[in-house]
Amino acid sequence: MKRPLELYIHIPFCVRKCLYCDFLSQPASEMARHAYVEQLLEEIERESRFCQDYSVVSVFLGGGTPSVLAAEDIRAILCMVRRCFCLESDAEITIETNPGTANLEKLKAFLDCGINRISLGLQSADNRELKLLGRIHTFEDFLKTYQRVRVAGFSNVNVDLMSSLPGQTLASWKSTLRQVVMLRPEHISAYSLMIEEGTPFYGKYHDHPEMLPSEEEDRAMYYAARQILEEHGLKRYEISNYALPGRECRHNVGYWTGVEYLGLGLGASSYLHGFRFRNEADLEAYRKIDMKADDADLRLHQDITELSEKDRMEEFMFLGLRMTRGVSGSEFLRRFGQNMWNVYGKVLPGLQENKLIEVESPFIRLTDFGIDISNYVLSEFLFDR
Amino acid sequence: MPSIDQSKIRNFSIIAHIDHGKSTLADRIIEMTGLLTSREMQSQVLDNMDLERERGITIKAQAVRTVYKARDGEEYIFNLIDTPGHVDFNYEVSRSLAACDGAVLVVDAAQGIEAQTLANVYLALDHNLEVFPVINKIDLPSAEPDRVAAEIEDVIGLEAHDAPRISAKTGLNVEDVLEAIVEKIPAPQGDPDAPLKCLIFDSVYDSYKGVIVFCRVMDGTVKKGTVIRMMATGAEEEVVEVGYFGAGQLIPCEELSAGMVGYITASIKNVKDTAVGDTITDKNRPCAEPLPGYKKVTSMVYCGLYPADGAKYGDLRDALEKLQLNDASLFYEPETSVALGFGFRCGFLGLLHLEIIEERLEREYNLDLVTTAPSVIYRIYKKNGEVIELTNPSNMPDPTEIDYMEEPVASAEIMVTTEYVGAIMTLCQERRGVYLGMEYMEATRAILRYNLPLNEIIYDFFDALKSRSRGYASLDYEVKGYQRSDLVKLDILVNHEYIDALSFIVHADSAYERGRKMCEKLKDEIPRHLFEIPIQAAIGSKIIARETVKAMRKDVLAKCYGGDITRKKKLLEKQKEGKKRMRQIGNVEIPQKAFMSVLKLDEE
């Protein structure tokens, strides 16, 4: 049987960069976008040669805003994936879409080329908050796009939301949540804003955390999200992700459970054959790589590291514990041939005692408090070097 | 080898304030006397430790011998003896000067005379050295050689109208300095046939040769096979080698006779046996009297040094041992702290000496250190008549047992431009200074004289002085003695646990202020925990200040999106690394930098 593989395809373009965004993305001309896709197609073809004993269980077109590409480009990418990889018939195929970048025709074309899941970037239902974030759309624009997505025929839709925004209150956050659950999306990602280095927000807020909601408010927003979403049947399955039963994002769950993935396109990360690596992140340099050359690999793949068993154990824990179901001791034993409670004998009892994790054999999972300070908890699972 | 004619020897040093160009002039002299080609020159020959170069000061006295062919056609031997340029090393400076017959005073044409310049000139004059001034940096746009010449005449009373006006940097008029050395500095006048009498002005440890003693022969002759005796320490050894100093290398020779400057090796294992200022004589034909001026160096400032990683204790001990081989003024003994584990209580000549040792340990021995607040030696007079010399605040006896306490006091001279006199007087007032007087050197500058408690000087005084005078004030001080004082021990409690490494002794009047600032600083440094942490300052059982570190509410990576696991892991690793750099006290983890941060409370 072939091993499961996920594909992540990066589209580093958007209409305008949001003020908090630290993803590899920038506005570009239609010609530049098209040229990028040409190169991407060559990369897909090249890389597929090393993945013939895998079958692809999910494809995620992320960005940036992949929906800024012409429908034809998206179609070409997915055709190439199908031609080169063994794509499972029920594979989850997601595209990130921002309001104002896809008309009905484009959305229908997405569906037509096999995309079965849309992830919509809304962030907030409050137009004032959207403006502060530097988003290009209003809540009304979002509603139109959402409507079109349903009309086009998509039955698996995610909406991205963000809390802890400048100027946001618990009341406005609750209002955003309530307006969105009314639309009955199958999935909601509710992140709290992170101030990333190199963004305009960093300059503005890094030294002025008092301009952002306090830690206490942030937590209140987190608990409000959980309550409101769960009331509407959207169950939390990961620290920041909620879904109707069976609609959990298979692609992301794969990341947290150690499924291998191949990242394609600018700066994309991969975990394949036991190695982690990252693609060239400079657009010019990426474009110049001759994908047919024997040494393309040297230029394309960087920071290549082989994971040791200890690395894999650490990841099993700190990624797996992001899921609300937690990590299973028997799965740990099956993968590593060792007892989790022996390997982490110094860590687990203390965490349990401080009520940061709870145990329901064979699972351990984070408690609510453990989630609140999960970085603190998860870092405990790293070994001393 | 023909014996050397004493009349052709010139033993001298260059004295200057830091940055006035001493090392540059030394380089030029060495270059122009042709001992080395330009290609061989390092940029600063005399300062051969990286650290010294970066700080712009010279730590260990060294010497260099060059040959100068003068305008009269004769060849002269120049022994240039370098002196450390900082107040902590005053004694070493005085011994280096004692090895000379004259000194070149370098004054910056833009800066003029500074407190240290004066101190060193007086030191040189005290040793009856012939001092002549040189005005340096005349190539600077801001140079005012006439004004500076007048200042030298007014303030120091040295003839300066014919002082060479030079640029050591470009070499301009340096030739005149060389001629002046020949003309103005007297030749040595020792008797080569008298019993041996040598002054030790420095010594270094070398793993092959053992201790290399740097000395000036005053009388007599020393050669291989002479059995020498250090008159103060009593150590005796047979001489293995004598020689003189090339630039950066030792050049062996047959003998060193009266008037010469050179080195002696004699399989001596420890620099403690060859104390600076001691007199070397011939065991079999000793001189009647040792040379005057020998002092046993004593540590003035103490602090605890701990390895950041407890497992490195052995490495720290080895490193201190090695440093002490070359630095007899460094004192250390093992000490244990509840908060910091195993470490050493170390004694230093002063704060700069402390910083230099700390930096060398970190750089040359690759050690991560945690230091405790520097302390002076307090004298505690107990009611039972016992007197304790206290170097570690946590060893202070219970206040009920103490009759009274004394602290060391220094007399300080601060030179400052007149516009900052007010600010500096306020500073000295705040630091419990007793005003002794003020003298105007000229219209724009004054010397302030104060008695200042040493513990106020070692606590941040240099930084405060520089910041309040915009860098224009300079300080010279000398410890004068002890005075009775109302002192208290301030303790810090974190989560109700007493942190021994943070205790320090302070004047009762400053205790509240200092305690409050400590608590505020620690509040910023100690990360949030799972629970609330009170931070308290206390004198005895009385709490005088309190702050609280709130409990951790949130530390979550909301977004774990996309496949960039490596980046997430790095974030967690950083967090874990942060935890490792903490000291566990009770339930609380205190970052190591918190221990250091409280040393500088006055920085804005």
# chains A, B, ... in the order shown; residues from 1 in each chain; ligands from 1
call {"tool": "residues_around", "arguments": {"residues": "Trp173 of chain A", "least_positions_apart": "5", "cutoff": "9 Å", "atoms": "only C-alpha atoms", "output": "list in words"}}
result
Ser124, Ala125, Asp126, Met162, Ser163, Ser164, Gln168, Arg178, Met221, Ala224 and Ala225 of chain A
call {"tool": "write_last_selection", "arguments": {"atoms": "N, CA and C atoms", "output": "mmCIF file, in the first residue's frame"}}
result
data_model
loop_
_atom_site.group_PDB
_atom_site.id
_atom_site.type_symbol
_atom_site.label_atom_id
_atom_site.label_comp_id
_atom_site.auth_asym_id
_atom_site.auth_seq_id
_atom_site.Cartn_x
_atom_site.Cartn_y
_atom_site.Cartn_z
ATOM 1 N N SER A 124 -12.890 39.470 10.744
ATOM 2 C CA SER A 124 -13.777 40.184 11.659
ATOM 3 C C SER A 124 -15.023 40.620 10.899
ATOM 4 N N ALA A 125 -16.138 40.711 11.634
ATOM 5 C CA ALA A 125 -17.364 41.211 11.011
ATOM 6 C C ALA A 125 -17.528 42.706 11.263
ATOM 7 N N ASP A 126 -16.514 43.301 11.880
ATOM 8 C CA ASP A 126 -16.582 44.722 12.224
ATOM 9 C C ASP A 126 -15.712 45.498 11.221
ATOM 10 N N MET A 162 -10.186 36.352 13.599
ATOM 11 C CA MET A 162 -9.081 36.733 14.481
ATOM 12 C C MET A 162 -9.565 37.523 15.677
ATOM 13 N N SER A 163 -9.029 37.132 16.850
ATOM 14 C CA SER A 163 -9.357 37.876 18.071
ATOM 15 C C SER A 163 -8.120 38.631 18.550
ATOM 16 N N SER A 164 -8.294 39.371 19.639
ATOM 17 C CA SER A 164 -7.198 40.173 20.214
ATOM 18 C C SER A 164 -6.694 41.243 19.252
ATOM 19 N N GLN A 168 -10.407 45.917 19.444
ATOM 20 C CA GLN A 168 -11.480 44.937 19.576
ATOM 21 C C GLN A 168 -11.892 44.789 21.046
ATOM 22 N N ARG A 178 -21.151 35.576 16.407
ATOM 23 C CA ARG A 178 -22.582 35.284 16.234
ATOM 24 C C ARG A 178 -23.003 35.491 14.784
ATOM 25 N N MET A 221 -11.859 36.261 25.348
ATOM 26 C CA MET A 221 -12.301 36.119 23.950
ATOM 27 C C MET A 221 -12.197 34.661 23.510
ATOM 28 N N ALA A 224 -15.013 32.755 25.003
ATOM 29 C CA ALA A 224 -16.270 33.145 24.364
ATOM 30 C C ALA A 224 -16.410 32.432 23.023
ATOM 31 N N ALA A 225 -15.302 32.366 22.280
ATOM 32 C CA ALA A 225 -15.342 31.708 20.977
ATOM 33 C C ALA A 225 -15.741 30.253 21.155
#
call {"tool": "residues_around", "arguments": {"residues": "segment 111-115 of chain A", "least_positions_apart": "5", "cutoff": "12 Å", "atoms": "only C-alpha atoms", "output": "MDAnalysis selection string"}}
result
chainID A and resid 58:61 67 71:82 87:97 104:106 149:157
call {"tool": "select_by_dssp", "arguments": {"residues": "segment 73-236 of chain A", "states": "alpha helix (DSSP H)", "output": "ChimeraX atom specification"}}
result
/A:73-84,104-112,127-133,139-152,170-181,200-205,215-231
call {"tool": "write_last_selection", "arguments": {"atoms": "C-alpha atoms", "output": "PDB file, in the first residue's frame"}}
result
ATOM      1  CA  ASP A  73      -3.813  28.856 -13.705  1.00  0.00           C
ATOM      2  CA  ILE A  74      -5.508  27.024 -10.861  1.00  0.00           C
ATOM      3  CA  ARG A  75      -6.823  24.468 -13.296  1.00  0.00           C
ATOM      4  CA  ALA A  76      -3.355  23.964 -14.771  1.00  0.00           C
ATOM      5  CA  ILE A  77      -1.868  23.409 -11.309  1.00  0.00           C
ATOM      6  CA  LEU A  78      -4.430  20.799 -10.347  1.00  0.00           C
ATOM      7  CA  CYS A  79      -4.196  19.080 -13.713  1.00  0.00           C
ATOM      8  CA  MET A  80      -0.462  18.796 -13.226  1.00  0.00           C
ATOM      9  CA  VAL A  81      -0.972  17.377  -9.727  1.00  0.00           C
ATOM     10  CA  ARG A  82      -3.344  14.767 -11.079  1.00  0.00           C
ATOM     11  CA  ARG A  83      -1.083  13.889 -13.966  1.00  0.00           C
ATOM     12  CA  CYS A  84       2.048  13.480 -11.855  1.00  0.00           C
ATOM     13  CA  LEU A 104     -19.106  33.114  -9.249  1.00  0.00           C
ATOM     14  CA  GLU A 105     -17.530  32.027 -12.490  1.00  0.00           C
ATOM     15  CA  LYS A 106     -14.135  31.548 -10.876  1.00  0.00           C
ATOM     16  CA  LEU A 107     -15.635  29.672  -7.951  1.00  0.00           C
ATOM     17  CA  LYS A 108     -17.465  27.360 -10.327  1.00  0.00           C
ATOM     18  CA  ALA A 109     -14.211  26.766 -12.157  1.00  0.00           C
ATOM     19  CA  PHE A 110     -12.563  25.853  -8.818  1.00  0.00           C
ATOM     20  CA  LEU A 111     -15.255  23.276  -8.155  1.00  0.00           C
ATOM     21  CA  ASP A 112     -14.959  22.027 -11.679  1.00  0.00           C
ATOM     22  CA  ASN A 127     -15.623  47.008   9.338  1.00  0.00           C
ATOM     23  CA  ARG A 128     -13.645  49.289  11.593  1.00  0.00           C
ATOM     24  CA  GLU A 129     -11.520  46.357  12.754  1.00  0.00           C
ATOM     25  CA  LEU A 130     -11.085  45.162   9.166  1.00  0.00           C
ATOM     26  CA  LYS A 131      -9.791  48.563   8.188  1.00  0.00           C
ATOM     27  CA  LEU A 132      -7.294  48.615  11.074  1.00  0.00           C
ATOM     28  CA  LEU A 133      -5.994  45.247   9.911  1.00  0.00           C
ATOM     29  CA  PHE A 139     -18.013  42.425   6.004  1.00  0.00           C
ATOM     30  CA  GLU A 140     -20.563  43.010   3.235  1.00  0.00           C
ATOM     31  CA  ASP A 141     -18.003  41.960   0.623  1.00  0.00           C
ATOM     32  CA  PHE A 142     -17.473  38.797   2.586  1.00  0.00           C
ATOM     33  CA  LEU A 143     -21.201  38.069   2.717  1.00  0.00           C
ATOM     34  CA  LYS A 144     -21.386  38.355  -1.058  1.00  0.00           C
ATOM     35  CA  THR A 145     -18.453  36.009  -1.538  1.00  0.00           C
ATOM     36  CA  TYR A 146     -19.839  33.534   0.983  1.00  0.00           C
ATOM     37  CA  GLN A 147     -23.134  33.531  -0.849  1.00  0.00           C
ATOM     38  CA  ARG A 148     -21.387  32.881  -4.157  1.00  0.00           C
ATOM     39  CA  VAL A 149     -19.368  30.030  -2.638  1.00  0.00           C
ATOM     40  CA  ARG A 150     -22.594  28.310  -1.608  1.00  0.00           C
ATOM     41  CA  VAL A 151     -24.288  29.045  -4.893  1.00  0.00           C
ATOM     42  CA  ALA A 152     -21.338  27.614  -6.784  1.00  0.00           C
ATOM     43  CA  LEU A 170     -15.168  41.174  23.984  1.00  0.00           C
ATOM     44  CA  ALA A 171     -18.558  42.448  22.786  1.00  0.00           C
ATOM     45  CA  SER A 172     -17.410  43.100  19.217  1.00  0.00           C
ATOM     46  CA  TRP A 173     -15.709  39.697  19.100  1.00  0.00           C
ATOM     47  CA  LYS A 174     -18.866  37.961  20.274  1.00  0.00           C
ATOM     48  CA  SER A 175     -20.816  39.872  17.686  1.00  0.00           C
ATOM     49  CA  THR A 176     -18.411  38.703  14.953  1.00  0.00           C
ATOM     50  CA  LEU A 177     -18.780  35.112  16.129  1.00  0.00           C
ATOM     51  CA  ARG A 178     -22.582  35.284  16.234  1.00  0.00           C
ATOM     52  CA  GLN A 179     -22.874  36.805  12.786  1.00  0.00           C
ATOM     53  CA  VAL A 180     -20.602  34.160  11.322  1.00  0.00           C
ATOM     54  CA  VAL A 181     -22.194  31.096  12.959  1.00  0.00           C
ATOM     55  CA  PRO A 200       3.907  47.145  10.210  1.00  0.00           C
ATOM     56  CA  PHE A 201       2.034  45.891  13.285  1.00  0.00           C
ATOM     57  CA  TYR A 202       5.324  44.978  14.917  1.00  0.00           C
ATOM     58  CA  GLY A 203       6.550  48.530  14.669  1.00  0.00           C
ATOM     59  CA  LYS A 204       3.289  49.829  15.996  1.00  0.00           C
ATOM     60  CA  TYR A 205       2.404  47.407  18.771  1.00  0.00           C
ATOM     61  CA  GLU A 215      -3.912  38.787  28.319  1.00  0.00           C
ATOM     62  CA  GLU A 216      -7.032  38.520  30.443  1.00  0.00           C
ATOM     63  CA  GLU A 217      -9.229  39.925  27.658  1.00  0.00           C
ATOM     64  CA  ASP A 218      -7.543  37.650  25.156  1.00  0.00           C
ATOM     65  CA  ARG A 219      -8.433  34.621  27.247  1.00  0.00           C
ATOM     66  CA  ALA A 220     -11.981  35.855  27.735  1.00  0.00           C
ATOM     67  CA  MET A 221     -12.301  36.119  23.950  1.00  0.00           C
ATOM     68  CA  TYR A 222     -10.904  32.628  23.567  1.00  0.00           C
ATOM     69  CA  TYR A 223     -13.443  31.159  25.977  1.00  0.00           C
ATOM     70  CA  ALA A 224     -16.270  33.145  24.364  1.00  0.00           C
ATOM     71  CA  ALA A 225     -15.342  31.708  20.977  1.00  0.00           C
ATOM     72  CA  ARG A 226     -15.381  28.204  22.306  1.00  0.00           C
ATOM     73  CA  GLN A 227     -18.745  28.683  23.976  1.00  0.00           C
ATOM     74  CA  ILE A 228     -20.518  30.336  21.062  1.00  0.00           C
ATOM     75  CA  LEU A 229     -19.104  27.998  18.445  1.00  0.00           C
ATOM     76  CA  GLU A 230     -19.822  24.859  20.413  1.00  0.00           C
ATOM     77  CA  GLU A 231     -23.391  26.052  20.986  1.00  0.00           C
TER      78      GLU A 231
END
call {"tool": "interface_residues", "arguments": {"of": "chain B", "to": "chain A", "cutoff": "12 Å", "atoms": "only C-alpha atoms", "output": "NGL selection string"}}
result
:B and (527-531 or 550-580)
call {"tool": "write_last_selection", "arguments": {"atoms": "N, CA and C atoms", "output": "mmCIF file, in the first residue's frame"}}
result
data_model
loop_
_atom_site.group_PDB
_atom_site.id
_atom_site.type_symbol
_atom_site.label_atom_id
_atom_site.label_comp_id
_atom_site.auth_asym_id
_atom_site.auth_seq_id
_atom_site.Cartn_x
_atom_site.Cartn_y
_atom_site.Cartn_z
ATOM 1 N N PRO B 527 9.844 36.338 35.027
ATOM 2 C CA PRO B 527 8.692 36.081 34.163
ATOM 3 C C PRO B 527 7.497 35.612 34.980
ATOM 4 N N ARG B 528 6.324 35.751 34.395
ATOM 5 C CA ARG B 528 5.126 35.273 35.070
ATOM 6 C C ARG B 528 5.211 33.763 35.271
ATOM 7 N N HIS B 529 4.728 33.317 36.383
ATOM 8 C CA HIS B 529 4.678 31.888 36.680
ATOM 9 C C HIS B 529 3.224 31.432 36.704
ATOM 10 N N LEU B 530 3.039 30.187 37.110
ATOM 11 C CA LEU B 530 1.678 29.665 37.192
ATOM 12 C C LEU B 530 0.932 30.294 38.363
ATOM 13 N N PHE B 531 1.668 30.965 39.240
ATOM 14 C CA PHE B 531 1.063 31.560 40.429
ATOM 15 C C PHE B 531 1.618 32.975 40.611
ATOM 16 N N LYS B 550 2.401 39.121 38.503
ATOM 17 C CA LYS B 550 1.098 38.472 38.355
ATOM 18 C C LYS B 550 1.249 37.059 37.797
ATOM 19 N N ALA B 551 0.257 36.227 38.023
ATOM 20 C CA ALA B 551 0.315 34.859 37.517
ATOM 21 C C ALA B 551 0.181 34.859 35.998
ATOM 22 N N MET B 552 0.789 33.854 35.378
ATOM 23 C CA MET B 552 0.737 33.723 33.929
ATOM 24 C C MET B 552 -0.701 33.444 33.495
ATOM 25 N N ARG B 553 -1.163 34.169 32.524
ATOM 26 C CA ARG B 553 -2.521 33.952 32.033
ATOM 27 C C ARG B 553 -2.511 33.348 30.644
ATOM 28 N N LYS B 554 -1.524 33.734 29.867
ATOM 29 C CA LYS B 554 -1.591 33.335 28.470
ATOM 30 C C LYS B 554 -0.193 33.186 27.894
ATOM 31 N N ASP B 555 0.033 32.084 27.255
ATOM 32 C CA ASP B 555 1.266 31.904 26.508
ATOM 33 C C ASP B 555 0.962 30.816 25.488
ATOM 34 N N VAL B 556 0.304 31.220 24.449
ATOM 35 C CA VAL B 556 -0.172 30.221 23.511
ATOM 36 C C VAL B 556 0.145 30.652 22.092
ATOM 37 N N LEU B 557 0.606 29.694 21.321
ATOM 38 C CA LEU B 557 0.843 29.945 19.915
ATOM 39 C C LEU B 557 -0.473 29.627 19.225
ATOM 40 N N ALA B 558 -1.263 30.679 18.981
ATOM 41 C CA ALA B 558 -2.606 30.456 18.468
ATOM 42 C C ALA B 558 -2.545 29.761 17.125
ATOM 43 N N LYS B 559 -1.621 30.285 16.309
ATOM 44 C CA LYS B 559 -1.617 29.841 14.930
ATOM 45 C C LYS B 559 -0.528 28.808 14.757
ATOM 46 N N CYS B 560 -0.911 27.585 14.451
ATOM 47 C CA CYS B 560 0.113 26.596 14.115
ATOM 48 C C CYS B 560 -0.295 26.109 12.759
ATOM 49 N N TYR B 561 -0.099 26.958 11.816
ATOM 50 C CA TYR B 561 -0.711 26.814 10.519
ATOM 51 C C TYR B 561 0.384 26.620 9.496
ATOM 52 N N GLY B 562 0.118 25.828 8.493
ATOM 53 C CA GLY B 562 1.134 25.604 7.482
ATOM 54 C C GLY B 562 2.158 24.637 8.022
ATOM 55 N N GLY B 563 3.035 24.208 7.152
ATOM 56 C CA GLY B 563 3.910 23.110 7.519
ATOM 57 C C GLY B 563 5.221 23.528 8.151
ATOM 58 N N ASP B 564 5.360 24.798 8.511
ATOM 59 C CA ASP B 564 6.658 25.238 8.996
ATOM 60 C C ASP B 564 6.845 24.856 10.463
ATOM 61 N N ILE B 565 6.974 23.556 10.683
ATOM 62 C CA ILE B 565 7.110 23.030 12.048
ATOM 63 C C ILE B 565 8.420 23.494 12.661
ATOM 64 N N THR B 566 9.458 23.584 11.818
ATOM 65 C CA THR B 566 10.772 23.951 12.318
ATOM 66 C C THR B 566 10.715 25.268 13.082
ATOM 67 N N ARG B 567 9.978 26.216 12.508
ATOM 68 C CA ARG B 567 9.891 27.515 13.143
ATOM 69 C C ARG B 567 9.176 27.418 14.493
ATOM 70 N N LYS B 568 8.120 26.625 14.533
ATOM 71 C CA LYS B 568 7.412 26.439 15.808
ATOM 72 C C LYS B 568 8.324 25.823 16.844
ATOM 73 N N LYS B 569 9.091 24.850 16.355
ATOM 74 C CA LYS B 569 9.965 24.162 17.299
ATOM 75 C C LYS B 569 11.021 25.125 17.840
ATOM 76 N N LYS B 570 11.523 25.980 16.970
ATOM 77 C CA LYS B 570 12.519 26.955 17.424
ATOM 78 C C LYS B 570 11.943 27.829 18.524
ATOM 79 N N LEU B 571 10.695 28.195 18.346
ATOM 80 C CA LEU B 571 10.027 29.019 19.354
ATOM 81 C C LEU B 571 9.971 28.304 20.701
ATOM 82 N N LEU B 572 9.620 27.030 20.644
ATOM 83 C CA LEU B 572 9.562 26.258 21.887
ATOM 84 C C LEU B 572 10.956 26.067 22.481
ATOM 85 N N GLU B 573 11.921 25.874 21.576
ATOM 86 C CA GLU B 573 13.295 25.693 22.058
ATOM 87 C C GLU B 573 13.784 26.934 22.778
ATOM 88 N N LYS B 574 13.422 28.089 22.218
ATOM 89 C CA LYS B 574 13.814 29.350 22.838
ATOM 90 C C LYS B 574 13.221 29.442 24.242
ATOM 91 N N GLN B 575 11.965 29.036 24.306
ATOM 92 C CA GLN B 575 11.288 29.060 25.601
ATOM 93 C C GLN B 575 11.995 28.130 26.588
ATOM 94 N N LYS B 576 12.338 26.947 26.078
ATOM 95 C CA LYS B 576 13.007 25.968 26.936
ATOM 96 C C LYS B 576 14.381 26.476 27.349
ATOM 97 N N GLU B 577 15.077 27.058 26.406
ATOM 98 C CA GLU B 577 16.394 27.615 26.684
ATOM 99 C C GLU B 577 16.271 28.678 27.773
ATOM 100 N N GLY B 578 15.232 29.496 27.647
ATOM 101 C CA GLY B 578 14.962 30.523 28.656
ATOM 102 C C GLY B 578 14.814 29.900 30.030
ATOM 103 N N LYS B 579 14.092 28.801 30.094
ATOM 104 C CA LYS B 579 13.905 28.136 31.395
ATOM 105 C C LYS B 579 15.225 27.650 31.949
ATOM 106 N N LYS B 580 16.094 27.168 31.032
ATOM 107 C CA LYS B 580 17.367 26.636 31.502
ATOM 108 C C LYS B 580 18.235 27.721 32.118
#
call {"tool": "residues_around", "arguments": {"residues": "segment 315-319 of chain B", "least_positions_apart": "2", "cutoff": "10 Å", "atoms": "only C-alpha atoms", "output": "ChimeraX atom specification"}}
result
/B:305-307,310-313,321-325,332-334,343-344,360-362,364-369
call {"tool": "residues_around", "arguments": {"residues": "Arg33 of chain A", "least_positions_apart": "6", "cutoff": "10 Å", "atoms": "only C-alpha atoms", "output": "list of chain:residue names"}}
result
A:Ile11, A:Pro12, A:Phe13, A:Pro27, A:Val68, A:Leu69, A:Ala70, A:Asp73
call {"tool": "select_by_dssp", "arguments": {"residues": "segment 90-295 of chain A", "states": "strand (DSSP E or B)", "output": "ChimeraX atom specification"}}
result
/A:90-97,117-123,157-163,187-192,235-238,241-243,260-264,269-272,275-279
call {"tool": "write_last_selection", "arguments": {"atoms": "C-alpha atoms", "output": "mmCIF file, in the first residue's frame"}}
result
data_model
loop_
_atom_site.group_PDB
_atom_site.id
_atom_site.type_symbol
_atom_site.label_atom_id
_atom_site.label_comp_id
_atom_site.auth_asym_id
_atom_site.auth_seq_id
_atom_site.Cartn_x
_atom_site.Cartn_y
_atom_site.Cartn_z
ATOM 1 C CA ASP A 90 -11.765 11.409 -1.915
ATOM 2 C CA ALA A 91 -8.777 13.716 -1.356
ATOM 3 C CA GLU A 92 -9.516 16.988 0.431
ATOM 4 C CA ILE A 93 -8.615 19.853 -1.903
ATOM 5 C CA THR A 94 -8.720 23.313 -0.307
ATOM 6 C CA ILE A 95 -8.121 26.757 -1.702
ATOM 7 C CA GLU A 96 -7.778 29.890 0.379
ATOM 8 C CA THR A 97 -9.983 32.637 -0.952
ATOM 9 C CA ARG A 117 -13.156 22.957 0.209
ATOM 10 C CA ILE A 118 -12.957 26.749 0.427
ATOM 11 C CA SER A 119 -11.232 28.603 3.220
ATOM 12 C CA LEU A 120 -12.458 32.178 3.428
ATOM 13 C CA GLY A 121 -10.436 34.904 5.118
ATOM 14 C CA LEU A 122 -12.844 37.120 6.986
ATOM 15 C CA GLN A 123 -11.068 37.880 10.313
ATOM 16 C CA VAL A 157 -16.360 25.959 3.902
ATOM 17 C CA ASN A 158 -14.021 27.383 6.496
ATOM 18 C CA VAL A 159 -14.052 30.950 7.784
ATOM 19 C CA ASP A 160 -10.924 32.437 9.357
ATOM 20 C CA LEU A 161 -11.462 34.789 12.289
ATOM 21 C CA MET A 162 -9.081 36.733 14.481
ATOM 22 C CA SER A 163 -9.357 37.876 18.071
ATOM 23 C CA HIS A 187 -15.407 24.939 9.928
ATOM 24 C CA ILE A 188 -14.080 27.991 11.747
ATOM 25 C CA SER A 189 -10.480 28.867 12.550
ATOM 26 C CA ALA A 190 -10.337 31.415 15.326
ATOM 27 C CA TYR A 191 -6.817 32.647 15.953
ATOM 28 C CA SER A 192 -5.674 35.351 18.237
ATOM 29 C CA LYS A 235 -16.618 21.472 18.149
ATOM 30 C CA ARG A 236 -13.094 22.533 19.063
ATOM 31 C CA TYR A 237 -10.670 19.904 17.822
ATOM 32 C CA GLU A 238 -7.450 21.892 17.962
ATOM 33 C CA ASN A 241 -9.897 25.184 15.149
ATOM 34 C CA TYR A 242 -13.585 24.252 15.307
ATOM 35 C CA ALA A 243 -15.644 22.033 12.996
ATOM 36 C CA GLU A 260 4.336 13.466 5.488
ATOM 37 C CA TYR A 261 3.837 16.468 3.262
ATOM 38 C CA LEU A 262 5.459 18.020 0.246
ATOM 39 C CA GLY A 263 5.542 21.800 -0.017
ATOM 40 C CA LEU A 264 5.598 23.194 -3.540
ATOM 41 C CA SER A 269 8.112 23.599 3.857
ATOM 42 C CA SER A 270 8.214 19.845 3.465
ATOM 43 C CA TYR A 271 8.487 16.749 5.595
ATOM 44 C CA LEU A 272 9.356 13.846 3.396
ATOM 45 C CA PHE A 275 13.652 14.930 6.275
ATOM 46 C CA ARG A 276 12.418 18.437 6.824
ATOM 47 C CA PHE A 277 13.378 21.069 4.289
ATOM 48 C CA ARG A 278 12.238 24.368 2.940
ATOM 49 C CA ASN A 279 12.067 25.777 -0.560
#
call {"tool": "closest_residue", "arguments": {"among": "B:Asp327, B:Thr372, B:Thr444, B:Leu80", "to": "His353 of chain B", "atoms": "only C-alpha atoms"}}
result
B:Asp327
call {"tool": "residues_around", "arguments": {"residues": "Leu256 of chain B", "least_positions_apart": "4", "cutoff": "9 Å", "atoms": "only C-alpha atoms", "output": "PyMOL selection string"}}
result
chain B and resi 216-217+220-223+242-244+260-264
